[in-house]
Every structure is written in C-alpha cells, then in structure tokens.
>>> print(open('work.pdb').read())   # PDB, C-alpha atoms
ATOM      1  CA  MET A 826      81.369 125.481 118.114  1.00  0.00           C
ATOM      2  CA  LYS A 827      84.248 123.326 116.926  1.00  0.00           C
ATOM      3  CA  ILE A 828      87.131 123.783 119.320  1.00  0.00           C
ATOM      4  CA  HIS A 829      90.535 122.460 120.221  1.00  0.00           C
ATOM      5  CA  ILE A 830      92.163 124.314 123.115  1.00  0.00           C
ATOM      6  CA  GLU A 831      95.203 123.380 125.148  1.00  0.00           C
ATOM      7  CA  THR A 832      95.790 124.618 128.671  1.00  0.00           C
ATOM      8  CA  GLU A 833      98.665 123.742 130.959  1.00  0.00           C
ATOM      9  CA  ARG A 834      97.230 120.336 131.898  1.00  0.00           C
ATOM     10  CA  LEU A 835      94.232 119.834 129.629  1.00  0.00           C
ATOM     11  CA  ILE A 836      93.109 119.397 126.055  1.00  0.00           C
ATOM     12  CA  LEU A 837      89.620 120.801 125.494  1.00  0.00           C
ATOM     13  CA  ARG A 838      87.925 119.410 122.416  1.00  0.00           C
ATOM     14  CA  ASN A 839      84.484 118.641 121.078  1.00  0.00           C
ATOM     15  CA  LEU A 840      82.727 115.619 122.468  1.00  0.00           C
ATOM     16  CA  THR A 841      81.760 112.963 119.913  1.00  0.00           C
ATOM     17  CA  PRO A 842      79.458 109.926 120.020  1.00  0.00           C
ATOM     18  CA  ASP A 843      82.597 107.790 120.353  1.00  0.00           C
ATOM     19  CA  ASP A 844      83.048 109.270 123.851  1.00  0.00           C
ATOM     20  CA  TRP A 845      79.930 107.558 125.222  1.00  0.00           C
ATOM     21  CA  GLN A 846      81.668 105.044 127.476  1.00  0.00           C
ATOM     22  CA  ALA A 847      84.021 107.592 129.036  1.00  0.00           C
ATOM     23  CA  ALA A 848      81.172 110.097 129.467  1.00  0.00           C
ATOM     24  CA  PHE A 849      78.997 107.468 131.145  1.00  0.00           C
ATOM     25  CA  ARG A 850      81.580 107.331 133.951  1.00  0.00           C
ATOM     26  CA  TRP A 851      80.421 110.770 135.118  1.00  0.00           C
ATOM     27  CA  CYS A 852      76.880 110.904 133.672  1.00  0.00           C
ATOM     28  CA  GLY A 853      76.016 107.618 135.344  1.00  0.00           C
ATOM     29  CA  ASP A 854      77.453 108.549 138.760  1.00  0.00           C
ATOM     30  CA  PRO A 855      74.759 109.696 141.248  1.00  0.00           C
ATOM     31  CA  ASP A 856      77.311 111.804 143.164  1.00  0.00           C
ATOM     32  CA  VAL A 857      78.257 113.716 140.017  1.00  0.00           C
ATOM     33  CA  ALA A 858      74.654 114.134 138.830  1.00  0.00           C
ATOM     34  CA  ARG A 859      73.388 115.214 142.258  1.00  0.00           C
ATOM     35  CA  TYR A 860      73.504 118.948 141.492  1.00  0.00           C
ATOM     36  CA  MET A 861      73.290 118.811 137.696  1.00  0.00           C
ATOM     37  CA  VAL A 862      70.183 119.513 135.594  1.00  0.00           C
ATOM     38  CA  TYR A 863      70.235 116.039 134.121  1.00  0.00           C
ATOM     39  CA  PRO A 864      69.083 113.005 136.102  1.00  0.00           C
ATOM     40  CA  VAL A 865      71.524 110.128 136.571  1.00  0.00           C
ATOM     41  CA  TYR A 866      71.952 108.208 133.350  1.00  0.00           C
ATOM     42  CA  SER A 867      71.226 104.565 134.022  1.00  0.00           C
ATOM     43  CA  ARG A 868      72.109 103.337 130.531  1.00  0.00           C
ATOM     44  CA  ALA A 869      75.299 104.110 128.640  1.00  0.00           C
ATOM     45  CA  GLU A 870      73.319 104.016 125.381  1.00  0.00           C
ATOM     46  CA  ASP A 871      71.420 107.111 126.561  1.00  0.00           C
ATOM     47  CA  VAL A 872      74.723 108.949 126.908  1.00  0.00           C
ATOM     48  CA  ARG A 873      75.506 108.054 123.294  1.00  0.00           C
ATOM     49  CA  THR A 874      72.118 109.481 122.252  1.00  0.00           C
ATOM     50  CA  TRP A 875      72.914 112.728 124.108  1.00  0.00           C
ATOM     51  CA  LEU A 876      76.349 112.948 122.446  1.00  0.00           C
ATOM     52  CA  GLU A 877      74.783 112.364 119.032  1.00  0.00           C
ATOM     53  CA  SER A 878      72.443 115.310 119.670  1.00  0.00           C
ATOM     54  CA  LEU A 879      75.275 117.817 120.197  1.00  0.00           C
ATOM     55  CA  ASP A 880      75.747 120.399 117.444  1.00  0.00           C
ATOM     56  CA  PRO A 881      79.433 121.312 117.020  1.00  0.00           C
ATOM     57  CA  GLU A 882      78.399 124.092 114.601  1.00  0.00           C
ATOM     58  CA  ASP A 883      76.276 126.010 117.157  1.00  0.00           C
ATOM     59  CA  PRO A 884      77.936 129.458 117.420  1.00  0.00           C
ATOM     60  CA  ASP A 885      76.537 129.998 120.926  1.00  0.00           C
ATOM     61  CA  ASP A 886      77.769 126.720 122.439  1.00  0.00           C
ATOM     62  CA  TYR A 887      81.417 126.246 123.339  1.00  0.00           C
ATOM     63  CA  ASP A 888      81.119 122.959 125.215  1.00  0.00           C
ATOM     64  CA  ALA A 889      84.249 120.837 125.402  1.00  0.00           C
ATOM     65  CA  GLY A 890      85.324 117.428 126.491  1.00  0.00           C
ATOM     66  CA  ILE A 891      88.039 117.712 129.138  1.00  0.00           C
ATOM     67  CA  VAL A 892      91.009 115.468 128.408  1.00  0.00           C
ATOM     68  CA  LEU A 893      94.054 115.089 130.656  1.00  0.00           C
ATOM     69  CA  LYS A 894      97.199 115.795 128.635  1.00  0.00           C
ATOM     70  CA  LYS A 895      99.216 113.435 130.798  1.00  0.00           C
ATOM     71  CA  THR A 896      97.033 110.341 130.195  1.00  0.00           C
ATOM     72  CA  GLY A 897      94.735 111.165 127.274  1.00  0.00           C
ATOM     73  CA  GLU A 898      91.707 110.312 129.439  1.00  0.00           C
ATOM     74  CA  LEU A 899      88.393 112.094 128.928  1.00  0.00           C
ATOM     75  CA  ILE A 900      87.395 113.114 132.468  1.00  0.00           C
ATOM     76  CA  GLY A 901      84.487 115.520 132.001  1.00  0.00           C
ATOM     77  CA  SER A 902      83.005 118.342 130.010  1.00  0.00           C
ATOM     78  CA  GLY A 903      82.636 122.073 130.391  1.00  0.00           C
ATOM     79  CA  GLY A 904      82.414 125.360 128.642  1.00  0.00           C
ATOM     80  CA  LEU A 905      80.369 128.455 127.904  1.00  0.00           C
ATOM     81  CA  PHE A 906      76.902 128.892 126.411  1.00  0.00           C
ATOM     82  CA  TYR A 907      75.573 132.242 125.246  1.00  0.00           C
ATOM     83  CA  LYS A 908      72.307 133.257 126.905  1.00  0.00           C
ATOM     84  CA  GLN A 909      70.871 135.982 124.679  1.00  0.00           C
ATOM     85  CA  GLU A 910      68.197 137.168 127.136  1.00  0.00           C
ATOM     86  CA  ASP A 911      70.918 138.080 129.659  1.00  0.00           C
ATOM     87  CA  ASP A 912      73.608 138.992 127.091  1.00  0.00           C
ATOM     88  CA  LEU A 913      75.941 136.851 129.190  1.00  0.00           C
ATOM     89  CA  TRP A 914      77.776 133.579 128.748  1.00  0.00           C
ATOM     90  CA  THR A 915      76.688 130.825 131.132  1.00  0.00           C
ATOM     91  CA  ILE A 916      79.409 128.526 132.422  1.00  0.00           C
ATOM     92  CA  GLY A 917      79.016 124.825 133.066  1.00  0.00           C
ATOM     93  CA  TYR A 918      81.273 121.951 133.990  1.00  0.00           C
ATOM     94  CA  ASN A 919      81.034 118.332 134.973  1.00  0.00           C
ATOM     95  CA  LEU A 920      83.880 116.062 136.078  1.00  0.00           C
ATOM     96  CA  ARG A 921      84.339 112.475 137.107  1.00  0.00           C
ATOM     97  CA  LYS A 922      84.311 112.241 140.882  1.00  0.00           C
ATOM     98  CA  ASP A 923      87.881 110.895 141.027  1.00  0.00           C
ATOM     99  CA  GLN A 924      89.016 114.124 139.319  1.00  0.00           C
ATOM    100  CA  TRP A 925      87.396 116.571 141.739  1.00  0.00           C
ATOM    101  CA  GLY A 926      89.631 118.931 143.697  1.00  0.00           C
ATOM    102  CA  HIS A 927      92.416 119.322 141.116  1.00  0.00           C
ATOM    103  CA  GLY A 928      91.342 122.688 139.691  1.00  0.00           C
ATOM    104  CA  TYR A 929      90.280 121.248 136.324  1.00  0.00           C
ATOM    105  CA  ALA A 930      86.863 122.992 136.281  1.00  0.00           C
ATOM    106  CA  GLY A 931      88.397 126.447 136.683  1.00  0.00           C
ATOM    107  CA  GLU A 932      91.179 125.676 134.224  1.00  0.00           C
ATOM    108  CA  THR A 933      88.577 124.544 131.690  1.00  0.00           C
ATOM    109  CA  ILE A 934      86.416 127.640 132.032  1.00  0.00           C
ATOM    110  CA  ARG A 935      89.429 129.974 131.881  1.00  0.00           C
ATOM    111  CA  GLY A 936      90.700 128.211 128.746  1.00  0.00           C
ATOM    112  CA  VAL A 937      87.358 128.262 126.950  1.00  0.00           C
ATOM    113  CA  LEU A 938      86.673 131.854 128.040  1.00  0.00           C
ATOM    114  CA  GLU A 939      90.015 133.023 126.677  1.00  0.00           C
ATOM    115  CA  TYR A 940      89.264 131.286 123.378  1.00  0.00           C
ATOM    116  CA  VAL A 941      85.698 132.630 123.104  1.00  0.00           C
ATOM    117  CA  ARG A 942      86.964 136.165 123.744  1.00  0.00           C
ATOM    118  CA  THR A 943      89.109 135.868 120.583  1.00  0.00           C
ATOM    119  CA  GLN A 944      85.993 134.934 118.593  1.00  0.00           C
ATOM    120  CA  ARG A 945      83.133 136.890 120.164  1.00  0.00           C
ATOM    121  CA  GLU A 946      82.368 139.763 122.490  1.00  0.00           C
ATOM    122  CA  VAL A 947      81.971 138.596 126.068  1.00  0.00           C
ATOM    123  CA  ARG A 948      80.244 141.134 128.310  1.00  0.00           C
ATOM    124  CA  GLY A 949      80.324 138.753 131.252  1.00  0.00           C
ATOM    125  CA  ILE A 950      79.864 135.243 132.577  1.00  0.00           C
ATOM    126  CA  GLN A 951      77.320 133.725 134.921  1.00  0.00           C
ATOM    127  CA  GLY A 952      76.671 130.406 136.560  1.00  0.00           C
ATOM    128  CA  SER A 953      74.453 128.844 139.158  1.00  0.00           C
ATOM    129  CA  PHE A 954      75.036 126.171 141.734  1.00  0.00           C
ATOM    130  CA  ALA A 955      72.834 124.320 144.205  1.00  0.00           C
ATOM    131  CA  ASN A 956      73.064 125.910 147.643  1.00  0.00           C
ATOM    132  CA  GLU A 957      74.578 122.712 149.065  1.00  0.00           C
ATOM    133  CA  ASN A 958      77.249 122.496 146.353  1.00  0.00           C
ATOM    134  CA  HIS A 959      80.052 124.392 148.105  1.00  0.00           C
ATOM    135  CA  LYS A 960      82.683 123.095 145.670  1.00  0.00           C
ATOM    136  CA  SER A 961      81.014 124.794 142.701  1.00  0.00           C
ATOM    137  CA  ARG A 962      80.670 127.969 144.703  1.00  0.00           C
ATOM    138  CA  ARG A 963      84.429 127.921 145.261  1.00  0.00           C
ATOM    139  CA  VAL A 964      85.116 127.348 141.549  1.00  0.00           C
ATOM    140  CA  MET A 965      83.016 130.381 140.662  1.00  0.00           C
ATOM    141  CA  GLU A 966      84.675 132.530 143.306  1.00  0.00           C
ATOM    142  CA  LYS A 967      88.101 131.567 141.930  1.00  0.00           C
ATOM    143  CA  LEU A 968      86.851 132.716 138.518  1.00  0.00           C
ATOM    144  CA  GLY A 969      86.152 136.147 140.023  1.00  0.00           C
ATOM    145  CA  MET A 970      82.394 135.670 140.097  1.00  0.00           C
ATOM    146  CA  THR A 971      80.238 137.076 142.895  1.00  0.00           C
ATOM    147  CA  TYR A 972      76.731 136.603 144.230  1.00  0.00           C
ATOM    148  CA  ALA A 973      74.003 137.979 141.932  1.00  0.00           C
ATOM    149  CA  GLY A 974      70.816 136.478 143.364  1.00  0.00           C
ATOM    150  CA  GLU A 975      68.766 133.451 144.266  1.00  0.00           C
ATOM    151  CA  THR A 976      67.593 130.992 141.618  1.00  0.00           C
ATOM    152  CA  GLU A 977      66.867 127.290 141.271  1.00  0.00           C
ATOM    153  CA  ILE A 978      68.095 124.309 139.338  1.00  0.00           C
ATOM    154  CA  ARG A 979      65.348 122.169 137.803  1.00  0.00           C
ATOM    155  CA  LYS A 980      66.133 118.629 136.759  1.00  0.00           C
ATOM    156  CA  LEU A 981      65.311 118.139 133.075  1.00  0.00           C
ATOM    157  CA  ASP A 982      62.997 115.235 133.909  1.00  0.00           C
ATOM    158  CA  GLY A 983      61.104 117.319 136.479  1.00  0.00           C
ATOM    159  CA  SER A 984      62.117 115.037 139.346  1.00  0.00           C
ATOM    160  CA  GLU A 985      63.655 117.724 141.537  1.00  0.00           C
ATOM    161  CA  VAL A 986      64.054 121.460 142.052  1.00  0.00           C
ATOM    162  CA  LEU A 987      67.119 122.593 143.981  1.00  0.00           C
ATOM    163  CA  PRO A 988      67.448 126.035 145.600  1.00  0.00           C
ATOM    164  CA  ALA A 989      70.495 127.681 144.050  1.00  0.00           C
ATOM    165  CA  LYS A 990      72.621 130.798 143.903  1.00  0.00           C
ATOM    166  CA  LEU A 991      73.441 132.790 140.777  1.00  0.00           C
ATOM    167  CA  TYR A 992      76.955 134.182 140.440  1.00  0.00           C
ATOM    168  CA  ARG A 993      78.217 136.631 137.803  1.00  0.00           C
ATOM    169  CA  ARG A 994      81.295 138.458 136.632  1.00  0.00           C
ATOM    170  CA  LEU A 995      81.037 141.398 134.258  1.00  0.00           C
ATOM    171  CA  PHE A 996      83.993 142.532 132.167  1.00  0.00           C
ATOM    172  CA  GLY A 997      84.918 146.213 131.643  1.00  0.00           C
TER     173      GLY A 997
END
>>> encode(input="work.pdb", output="structure tokens")
Amino acid sequence: MKIHIETERLILRNLTPDDWQAAFRWCGDPDVARYMVYPVYSRAEDVRTWLESLDPEDPDDYDAGIVLKKTGELIGSGGLFYKQEDDLWTIGYNLRKDQWGHGYAGETIRGVLEYVRTQREVRGIQGSFANENHKSRRVMEKLGMTYAGETEIRKLDGSEVLPAKLYRRLFG
C-alpha cells in the first residue's frame, strides 16, 4: 500500500527502484541476510529487479523503506503483510548492520501497525525468527509478542532451512 509515515526518528515510505544502491547495502551483506528468507544478493542489479517487482497498490502489503530523519539515509525496510489463512498480520524488518541496536525495527513496526490500524482491522500480529537470532526475538518481545510455536524459515532459493520460533500478539 502507498504509505508515508513519520515516527520520532524515522520516515517510513514506499521503496522504489531508485533505492537499489542503498538497498544493496543490506541485501548484499551476508550478516544481514543470514536469517532472512532471501539469499545474499551478489549483484546490485538483482536488488533493482526486486524493487521493480514491488506493488505499492497491494492492500495487504504495508512494506516501507526506513529512512533516518536526521540524515535522509535509507537504512532498511520493514512493515506488515496480511496473511489471510491466519487472519493475522505478519511483521518483517531488515536493517543495515551498522544500524542494528538502535531500536529502529521496533519503531518501524509500531509506526506501520498504528497506521494500518487506522485503515484496516488488525486482530493480531505474528512473526518468526531463526532460533539463533536472539536480536529479533528481543524486538518481538518488546512489541508485546510471545511464543506461539516452532516453525522454520526456508530460503527462497531452497539453499537452507533454519529452525525458528513463531511469536504472536493478539489484540482485544
């Protein structure tokens, strides 16, 4: 969905094909991609192709580029995606490694969640993280999410399957 959201420190806006070089900084980093569904991008042109495939009109996809207000830098992406079979919104986030540990993932999800709740009914949120990814576990806990079961994360290219935990938070 087309969005422009401002939080205390961030501007959350749609990603565009023009963002390919900035996005390659996290998509091409093996440390960032380690626990993500996508394999490491080895070519920046492939990131452009991915960005060109995004549909800003999709009513079930509130994915945003994360821009620092202070510098105007695009440092990651994150948002919510409606999963009809669960009737829940799945969270996701991805940040450049040099931006880890500043609370931007949680701030992004809270900002997008608040916006989505003005547009749509949100029964709850869910997310999964690789068992080894303790930082994502902490983000989800700070969002009020709790353990809901075991799952796995499968790389889109089939190269790896990671044991994972599913966390959820249901609203009223």
>>> resolve_selection(input="work.pdb", expression="the PyMOL selection byres ((chain A and resi 970) around 12)", output="list in words")
Thr915, Ile916, Gly931, Gly949, Ile950, Gln951, Gly952, Ser953, Ser961, Arg962, Arg963, Val964, Met965, Glu966, Lys967, Leu968, Gly969, Thr971, Tyr972, Ala973, Lys990, Leu991, Tyr992, Arg993, Arg994, Leu995 and Phe996 of chain A
>>> axis_aligned_box(input="work.pdb", around="segment 940-948 of chain A", padding_each_side="4 Å", output="lines of an AutoDock Vina configuration file")
center_x = 84.8
center_y = 136.2
center_z = 123.5
size_x = 17.0
size_y = 17.8
size_z = 17.7
>>> resolve_selection(input="work.pdb", expression="the PyMOL selection byres ((chain A and resi 905) around 7)", output="NGL selection string")
:A and (886-888 or 904 or 906-907 or 914-917)
>>> residues_around(input="work.pdb", residues="Asp856 of chain A", least_positions_apart="6", cutoff="10 Å", atoms="all atoms listed in the file", output="NGL selection string")
:A and (865 or 921-922)
>>> residues_around(input="work.pdb", residues="Gln944 of chain A", least_positions_apart="5", cutoff="10 Å", atoms="only C-alpha atoms", output="MDAnalysis selection string")
chainID A and resid 884 938:939
>>> closest_residue(input="work.pdb", among="A:Leu837, A:Ala848, A:Val862, A:Ile830", to="Leu876 of chain A", atoms="all atoms listed in the file")
A:Ala848
>>> closest_residue(input="work.pdb", among="A:Ala869, A:Val937, A:Ile891, A:Met861", to="Leu987 of chain A", atoms="only C-alpha atoms")
A:Met861
>>> atom_distance(input="work.pdb", atom1="atom CA of Asp911 of chain A", atom2="atom CA of Ala889 of chain A")
22.2 Å
>>> residues_near_point(input="work.pdb", point="(69.1, 130.5, 142.5)", cutoff="8 Å", atoms="all atoms listed in the file", output="PyMOL selection string")
chain A and resi 953-956+974-978+988-991
>>> residues_around(input="work.pdb", residues="Glu870 of chain A", least_positions_apart="3", cutoff="9 Å", atoms="all atoms listed in the file", output="MDAnalysis selection string")
chainID A and resid 845:846 849 867 873:875
>>> closest_residue(input="work.pdb", among="A:Glu877, A:Glu831, A:Glu946, A:Asp871", to="Asp843 of chain A", atoms="all atoms listed in the file")
A:Glu877
>>> resolve_selection(input="work.pdb", expression="the PyMOL selection byres ((chain A and resi 918) around 8)", output="NGL selection string")
:A and (901-904 or 916-917 or 919-920 or 930 or 934)
>>> atom_distance(input="work.pdb", atom1="atom CA of Asp854 of chain A", atom2="atom CA of Ser984 of chain A")
16.7 Å
>>> residues_around(input="work.pdb", residues="Glu833 of chain A", least_positions_apart="2", cutoff="9 Å", atoms="all atoms listed in the file", output="PyMOL selection string")
chain A and resi 831+835-836+894+932
>>> atom_distance(input="work.pdb", atom1="atom CA of Leu879 of chain A", atom2="atom CA of Val892 of chain A")
17.9 Å
>>> closest_residue(input="work.pdb", among="A:Lys895, A:Lys960, A:Lys827, A:Arg979", to="Gly928 of chain A", atoms="only C-alpha atoms")
A:Lys960
>>> closest_residue(input="work.pdb", among="A:Ile828, A:Val857, A:Val947, A:Cys852", to="Leu913 of chain A", atoms="all atoms listed in the file")
A:Val947
>>> closest_residue(input="work.pdb", among="A:Leu899, A:Val941, A:Val872, A:Leu981", to="Arg838 of chain A", atoms="all atoms listed in the file")
A:Leu899
>>> decode(input="work.pdb", residues="segment 846-938 of chain A", atoms="C-alpha atoms", output="short mmCIF file (atom, residue, chain, number, x, y, z; two decimals), in the first residue's frame")
data_model
loop_
_atom_site.label_atom_id
_atom_site.label_comp_id
_atom_site.auth_asym_id
_atom_site.auth_seq_id
_atom_site.Cartn_x
_atom_site.Cartn_y
_atom_site.Cartn_z
CA GLN A 846 22.02 1.07 -4.41
CA ALA A 847 21.03 1.89 -0.83
CA ALA A 848 19.06 -1.38 -0.53
CA PHE A 849 22.03 -3.38 -1.82
CA ARG A 850 23.95 -2.26 1.28
CA TRP A 851 21.77 -4.57 3.40
CA CYS A 852 20.58 -7.09 0.78
CA GLY A 853 24.16 -7.79 -0.25
CA ASP A 854 25.50 -8.18 3.31
CA PRO A 855 25.85 -11.86 4.38
CA ASP A 856 25.43 -10.92 8.06
CA VAL A 857 22.11 -9.21 7.36
CA ALA A 858 20.84 -11.97 5.05
CA ARG A 859 21.89 -14.77 7.41
CA TYR A 860 18.43 -15.21 8.95
CA MET A 861 16.31 -13.77 6.14
CA VAL A 862 14.30 -15.78 3.58
CA TYR A 863 16.26 -14.30 0.71
CA PRO A 864 19.79 -15.44 -0.10
CA VAL A 865 22.55 -12.83 -0.17
CA TYR A 866 22.25 -10.66 -3.24
CA SER A 867 25.54 -10.73 -5.09
CA ARG A 868 24.55 -8.20 -7.76
CA ALA A 869 23.03 -4.79 -7.13
CA GLU A 870 21.07 -5.13 -10.39
CA ASP A 871 19.13 -8.01 -8.80
CA VAL A 872 18.07 -5.69 -5.99
CA ARG A 873 16.73 -3.28 -8.61
CA THR A 874 14.75 -6.14 -10.18
CA TRP A 875 13.26 -6.98 -6.76
CA LEU A 876 12.33 -3.32 -6.16
CA GLU A 877 10.71 -3.12 -9.59
CA SER A 878 8.54 -6.12 -8.66
CA LEU A 879 7.01 -4.44 -5.60
CA ASP A 880 3.35 -3.47 -5.89
CA PRO A 881 2.60 -0.27 -3.93
CA GLU A 882 -1.13 -0.81 -4.60
CA ASP A 883 -1.32 -4.19 -2.80
CA PRO A 884 -3.85 -3.64 0.04
CA ASP A 885 -2.33 -6.47 2.09
CA ASP A 886 1.29 -5.26 1.96
CA TYR A 887 2.44 -2.33 4.06
CA ASP A 888 6.17 -2.62 3.45
CA ALA A 889 8.21 0.54 3.92
CA GLY A 890 11.67 1.82 3.34
CA ILE A 891 13.17 3.02 6.62
CA VAL A 892 14.75 6.45 6.32
CA LEU A 893 16.57 8.27 9.12
CA LYS A 894 15.03 11.71 9.59
CA LYS A 895 18.34 13.12 10.78
CA THR A 896 20.34 12.17 7.65
CA GLY A 897 17.81 11.20 4.98
CA GLU A 898 19.57 7.83 4.58
CA LEU A 899 17.61 4.72 3.61
CA ILE A 900 18.79 2.12 6.14
CA GLY A 901 16.38 -0.79 5.74
CA SER A 902 12.83 -1.91 5.17
CA GLY A 903 10.02 -3.26 7.28
CA GLY A 904 6.32 -3.48 7.74
CA LEU A 905 3.25 -5.68 7.93
CA PHE A 906 1.80 -8.20 5.48
CA TYR A 907 -1.68 -9.65 5.85
CA LYS A 908 -1.75 -13.45 5.99
CA GLN A 909 -5.35 -14.41 5.24
CA GLU A 910 -5.05 -18.06 6.31
CA ASP A 911 -4.13 -16.95 9.85
CA ASP A 912 -6.19 -13.72 9.84
CA LEU A 913 -3.08 -12.06 11.25
CA TRP A 914 -0.57 -9.50 10.05
CA THR A 915 2.98 -10.82 9.70
CA ILE A 916 5.77 -8.44 10.64
CA GLY A 917 9.11 -8.20 8.90
CA TYR A 918 12.13 -5.94 9.06
CA ASN A 919 15.61 -5.72 7.68
CA LEU A 920 18.28 -3.16 8.57
CA ARG A 921 21.82 -2.36 7.56
CA LYS A 922 24.21 -3.92 10.04
CA ASP A 923 25.62 -0.54 11.11
CA GLN A 924 22.09 0.43 12.21
CA TRP A 925 21.41 -2.58 14.45
CA GLY A 926 20.80 -1.99 18.14
CA HIS A 927 19.16 1.45 17.89
CA GLY A 928 15.53 0.33 18.21
CA TYR A 929 14.66 1.14 14.59
CA ALA A 930 13.00 -2.24 13.87
CA GLY A 931 10.54 -1.87 16.75
CA GLU A 932 9.91 1.79 15.95
CA THR A 933 9.17 0.83 12.34
CA ILE A 934 6.72 -1.93 13.23
CA ARG A 935 4.95 0.24 15.82
CA GLY A 936 4.62 3.08 13.29
CA VAL A 937 3.31 0.89 10.48
CA LEU A 938 1.00 -1.00 12.86
#
